[in-house]
Amino acid sequence: MIEKVLIANRGEIALRIHRACKEMGIATVAVHSEADRYAMAVRLADESVCIGPPPSAQSYLKKSQIIAAAEITGADAIHPGYGFLSENAQFAEMVGAHGLVFIGPKPEHIRIMGDKIAAKQAMIDAGVPVVPGSDGGVETVSAAKKAAKKIGYPVLIKAAAGGGGRGMKVARTDKELENAVRTAKTEAKAAFGDDAVYIEKYLERPRHIEIQVISDAHGNVCHLWERDCSIQRRHQKVFEEAPSPALNQAQRDDIGMIVARAVEKMGYLGAGTMEFLYEDGQFYFIEMNTRLQVEHPVTEMITGIDIVREQIRIADGAKLSFSQDEVMLVGHAIECRINAENPRSFVPSPGMITDFHPPGGPDVRLDSAAYAGYRIPPHYDSLIGKLIVHGRTRNECVMRLRRALQEMVVGGVETTLDLHRDLLEQKDIIDGDYDIHWLERFLADD
Ligand code: ADP
């Protein structure tokens with residue numbers, strides 16, 4: 001029985017995990033860096049352990065320190081949240097080797113999905129449609145040219161070990177491809193310690209649509225519909241919604257079942273997300289995230305399922321608390337990521353939050369660990385909260401989100417609240433008519 005969970009993360013997601021634990025009667029241990037001594041999750045957790053100085057490499061990424069903290073406090077399980085060690089197969093193995101439960105998938109699945117070339121191959125084998133691309137990695141410029149010729153320009157060069165939208169290069173000609181392959185390899189080596197790259201058809205106007213799945217150790221697999229995360233800047237999600245305005249129920253059922261069957265075939269355990277690009281009625285797999293995602297609340301809002309609670313139950317050996325037929329899809333939900341950044345230049349704006357007024361009212365959820373008097377440290381990402389709103393229809397959701405954004409006050413630092421306020425006035429956003437390049441075009445025209 002899991003009775004005490006160590007939360008190996010910080011910020012809003014640490015608080016989110018703490019909340020799920022408390023509602024299950026589970027005790028929590030927060031680990032934190034010296035910069036996060038006054039973090040909300042640290043204040044609320046039953047126990048806390050300082051694991052090192054501010055840089056993540058010396059704290060949130062220190063596997064041995066985190067496991068030692070679990071042993072000292074007598075935690076039974078570790079929830080890694082997202083980012084940091086959440087997709088580190090070696091960490092998952094270490095946790096298991098110390099007799100602790102890793103709240104996440106099996107290490108082998110983390111490992112295979114962490115190598116995007118292997119992941120694509122596994123998906124082809126499982127009958128999932130993928131973006132046309134090179135068969136495996138491309139080692140040399142001439143191999144890249146050969147692959148590009150087969151696929152047809154434009155192509156995208158991607159790092160096998162990539163993540164966070166980094167290290168992608170578009171090439172429209174052989175000449176561009178030569179440079180792109182060389183720089184992509186150098187950058188991938190520097191950023192991920194692995195210079196393997198592969199090539200994909202570059203889709204000109206797709207949407208990013210991802211499917212949430214969850215499975216237990218008893219062979220039960222459910223999909224929890226899709227999220228549309230097409231509003232992105234530099235391949236990073238800014239605004240997400242569920243369901244996607246682009247799909248009808250038959251399309252949603254189809255892709256959900258394809259994903260659920262693939263996950264079943266893999267023997268995958270826990271929560272995961274299969275990401276697809278969607279263009280002209282076709283889905284193309286790009287990657288699978290073997291962890292909880294930032295945007296999981298939109299799915300929770302339309303299904304009424306607490307995904308973190310299910311993750312903990314599954315890790316504890318329990319069966320999923322619902323069957324596929326019982327997964328509801330009620331109304332519509334949208335999430336805005338609120339970052340401490342200038343809303344146009346996106347330069348981070350760390351510092352003291354002087355005023356903080358959360359919006360409220362029906363069907364409004366704010367996942368944030370911020371408060372008035374909280375100092376945002378400069379060492380980590382700039383996400384300070386997620387505003388998630390539900391409505392019976394997409395239109396009701398949009399109107400409610402506008403009103404919630406008007407109510408919200410964050411003083412003392414710059415935030416992207418104004419960007420979201422602007423977005424909610426745009427006809428294309430109101431109509432749900434956008435692709436992955438929409439936001440970049442909008443920002444360029446501004
Ligand atoms: P990462 O792991 O770095 O986030 P992904 O493979 O998930 O990389 O891709 C991130 C984003 O990059 C996608 O949501 C999409 O906007 C863009 N992208 C990825 N592959 C393609 C492609 N083949 N064509 C066009 N855009 C792509």
# chains A, B, ... in the order shown; residues from 1 in each chain; ligands from 1

call {"tool": "closest_atom_pairs", "arguments": {"of": "chain A", "to": "ligand 1", "cutoff": "6 Å", "atoms": "only C-alpha atoms and all ligand atoms", "output": "Markdown table"}}
result
| residue | atom | partner | partner_atom_place_in_ligand_line | distance |
| --- | --- | --- | --- | --- |
| A:Leu156 | CA | ligand 1 | 23 (N) | 5.9 |
| A:Gly162 | CA | ligand 1 | 3 (O) | 5.1 |
| A:Gly163 | CA | ligand 1 | 3 (O) | 3.3 |
| A:Gly164 | CA | ligand 1 | 3 (O) | 4.1 |
| A:Gly165 | CA | ligand 1 | 3 (O) | 3.1 |
| A:Arg166 | CA | ligand 1 | 3 (O) | 5.0 |
| A:Glu200 | CA | ligand 1 | 23 (N) | 5.1 |
| A:Lys201 | CA | ligand 1 | 23 (N) | 5.1 |
| A:Tyr202 | CA | ligand 1 | 24 (N) | 3.7 |
| A:Leu203 | CA | ligand 1 | 24 (N) | 3.9 |
| A:His208 | CA | ligand 1 | 14 (O) | 5.2 |
| A:His235 | CA | ligand 1 | 11 (C) | 4.4 |
| A:Ile286 | CA | ligand 1 | 6 (O) | 5.0 |
| A:Glu287 | CA | ligand 1 | 6 (O) | 5.5 |
| A:Ile436 | CA | ligand 1 | 16 (O) | 5.2 |

call {"tool": "closest_residue", "arguments": {"among": "A:Ile7, A:Ala315, A:Ile430, A:Ala89", "to": "Met113 of chain A", "atoms": "only C-alpha atoms"}}
result
A:Ala89

call {"tool": "closest_residue", "arguments": {"among": "A:Asn220, A:Ala122, A:Arg313, A:Ser215", "to": "Thr273 of chain A", "atoms": "only C-alpha atoms"}}
result
A:Ser215

call {"tool": "atom_distance", "arguments": {"atom1": "atom CA of Val398 of chain A", "atom2": "atom CA of Leu292 of chain A"}}
result
25.2 Å

call {"tool": "select_by_dssp", "arguments": {"residues": "segment 168-399 of chain A", "states": "strand (DSSP E or B)", "output": "PyMOL selection string"}}
result
chain A and resi 169-171+197-201+207-215+221-233+236-242+270-279+282-289+332-339+341+348+351-352+355-357+364-367+375-376+383-391

call {"tool": "residues_around", "arguments": {"residues": "Trp438 of chain A", "least_positions_apart": "5", "cutoff": "9 Å", "atoms": "only C-alpha atoms", "output": "JSON, numbers by chain"}}
result
{"A": [205, 230, 231, 232, 428, 443]}

call {"tool": "write_last_selection", "arguments": {"atoms": "all heavy atoms", "output": "PDB file, in the first residue's frame"}}
result
ATOM      1  N   ARG A 205       0.685  22.747 -42.584  1.00  0.00           N
ATOM      2  CA  ARG A 205      -0.375  23.373 -41.777  1.00  0.00           C
ATOM      3  C   ARG A 205      -1.161  22.357 -40.945  1.00  0.00           C
ATOM      4  O   ARG A 205      -2.383  22.307 -40.994  1.00  0.00           O
ATOM      5  CB  ARG A 205      -1.316  24.216 -42.660  1.00  0.00           C
ATOM      6  CG  ARG A 205      -1.697  23.521 -43.926  1.00  0.00           C
ATOM      7  CD  ARG A 205      -2.552  24.275 -44.874  1.00  0.00           C
ATOM      8  NE  ARG A 205      -2.840  23.381 -45.987  1.00  0.00           N
ATOM      9  CZ  ARG A 205      -3.763  22.438 -45.964  1.00  0.00           C
ATOM     10  NH1 ARG A 205      -4.537  22.278 -44.927  1.00  0.00           N
ATOM     11  NH2 ARG A 205      -3.930  21.644 -47.014  1.00  0.00           N
ATOM     12  N   SER A 230      -2.462  22.977 -30.694  1.00  0.00           N
ATOM     13  CA  SER A 230      -1.859  23.570 -31.891  1.00  0.00           C
ATOM     14  C   SER A 230      -1.344  24.977 -31.655  1.00  0.00           C
ATOM     15  O   SER A 230      -0.522  25.464 -32.427  1.00  0.00           O
ATOM     16  CB  SER A 230      -2.888  23.604 -33.027  1.00  0.00           C
ATOM     17  OG  SER A 230      -3.387  22.302 -33.267  1.00  0.00           O
ATOM     18  N   ILE A 231      -1.853  25.647 -30.634  1.00  0.00           N
ATOM     19  CA  ILE A 231      -1.387  27.015 -30.389  1.00  0.00           C
ATOM     20  C   ILE A 231      -0.034  26.923 -29.681  1.00  0.00           C
ATOM     21  O   ILE A 231       0.046  26.633 -28.488  1.00  0.00           O
ATOM     22  CB  ILE A 231      -2.437  27.817 -29.573  1.00  0.00           C
ATOM     23  CG1 ILE A 231      -3.744  27.936 -30.364  1.00  0.00           C
ATOM     24  CG2 ILE A 231      -1.913  29.199 -29.223  1.00  0.00           C
ATOM     25  CD1 ILE A 231      -3.631  28.741 -31.657  1.00  0.00           C
ATOM     26  N   GLN A 232       1.026  27.127 -30.464  1.00  0.00           N
ATOM     27  CA  GLN A 232       2.396  26.923 -29.973  1.00  0.00           C
ATOM     28  C   GLN A 232       3.286  28.077 -30.410  1.00  0.00           C
ATOM     29  O   GLN A 232       3.058  28.701 -31.437  1.00  0.00           O
ATOM     30  CB  GLN A 232       3.009  25.658 -30.596  1.00  0.00           C
ATOM     31  CG  GLN A 232       2.220  24.394 -30.395  1.00  0.00           C
ATOM     32  CD  GLN A 232       2.919  23.180 -31.004  1.00  0.00           C
ATOM     33  OE1 GLN A 232       3.895  23.307 -31.755  1.00  0.00           O
ATOM     34  NE2 GLN A 232       2.425  22.001 -30.677  1.00  0.00           N
ATOM     35  N   ASP A 428     -10.188  33.614 -35.323  1.00  0.00           N
ATOM     36  CA  ASP A 428      -9.754  32.232 -35.564  1.00  0.00           C
ATOM     37  C   ASP A 428      -9.765  31.408 -34.278  1.00  0.00           C
ATOM     38  O   ASP A 428     -10.081  30.213 -34.296  1.00  0.00           O
ATOM     39  CB  ASP A 428      -8.323  32.199 -36.139  1.00  0.00           C
ATOM     40  CG  ASP A 428      -8.270  32.737 -37.555  1.00  0.00           C
ATOM     41  OD1 ASP A 428      -9.331  32.832 -38.201  1.00  0.00           O
ATOM     42  OD2 ASP A 428      -7.160  33.063 -38.019  1.00  0.00           O
ATOM     43  N   LEU A 443       1.905  36.564 -34.022  1.00  0.00           N
ATOM     44  CA  LEU A 443       2.918  37.367 -33.320  1.00  0.00           C
ATOM     45  C   LEU A 443       3.753  38.186 -34.320  1.00  0.00           C
ATOM     46  O   LEU A 443       4.141  39.307 -34.035  1.00  0.00           O
ATOM     47  CB  LEU A 443       3.828  36.478 -32.474  1.00  0.00           C
ATOM     48  CG  LEU A 443       3.135  35.790 -31.287  1.00  0.00           C
ATOM     49  CD1 LEU A 443       4.036  34.722 -30.681  1.00  0.00           C
ATOM     50  CD2 LEU A 443       2.715  36.809 -30.227  1.00  0.00           C
TER      51      LEU A 443
END

call {"tool": "atom_distance", "arguments": {"atom1": "atom CA of Arg375 of chain A", "atom2": "atom CA of Gly411 of chain A"}}
result
11.6 Å

call {"tool": "select_by_dssp", "arguments": {"residues": "segment 348-415 of chain A", "states": "helix (DSSP H, G or I)", "output": "CSV table (one decimal) with C-alpha atoms, in the first residue's frame"}}
result
chain,number,residue,atom,x,y,z
A,394,ARG,CA,-17.0,25.6,-26.6
A,395,ASN,CA,-18.7,29.0,-26.9
A,396,GLU,CA,-19.6,29.0,-23.2
A,397,CYS,CA,-16.0,28.0,-22.4
A,398,VAL,CA,-14.6,30.8,-24.5
A,399,MET,CA,-16.9,33.4,-22.8
A,400,ARG,CA,-16.0,32.0,-19.4
A,401,LEU,CA,-12.3,32.0,-20.1
A,402,ARG,CA,-12.4,35.7,-21.2
A,403,ARG,CA,-14.2,36.6,-18.0
A,404,ALA,CA,-11.8,34.6,-15.8
A,405,LEU,CA,-8.8,36.2,-17.6
A,406,GLN,CA,-10.2,39.7,-16.9
A,407,GLU,CA,-10.5,38.8,-13.2

call {"tool": "closest_atom_pairs", "arguments": {"of": "segment 245-265 of chain A", "to": "segment 328-338 of chain A", "cutoff": "12 Å", "atoms": "only C-alpha atoms", "output": "JSON lines"}}
result
{"residue": "A:Pro245", "atom": "CA", "partner": "A:His332", "partner_atom": "CA", "distance": 9.6}
{"residue": "A:Gln249", "atom": "CA", "partner": "A:Leu329", "partner_atom": "CA", "distance": 10.2}
{"residue": "A:Arg252", "atom": "CA", "partner": "A:Leu329", "partner_atom": "CA", "distance": 10.9}
{"residue": "A:Asp253", "atom": "CA", "partner": "A:Leu329", "partner_atom": "CA", "distance": 11.4}

call {"tool": "closest_residue", "arguments": {"among": "A:Gln121, A:Thr186, A:Ser134, A:Ser56", "to": "Pro378 of chain A", "atoms": "only C-alpha atoms"}}
result
A:Ser56

call {"tool": "closest_atom_pairs", "arguments": {"of": "segment 111-185 of chain A", "to": "segment 258-261 of chain A", "cutoff": "9 Å", "atoms": "only C-alpha atoms", "output": "tab-separated table"}}
result
residue	atom	partner	partner_atom	distance
A:Ala126	CA	A:Arg261	CA	8.1
A:Gly127	CA	A:Ile258	CA	7.7
A:Val128	CA	A:Ile258	CA	6.7
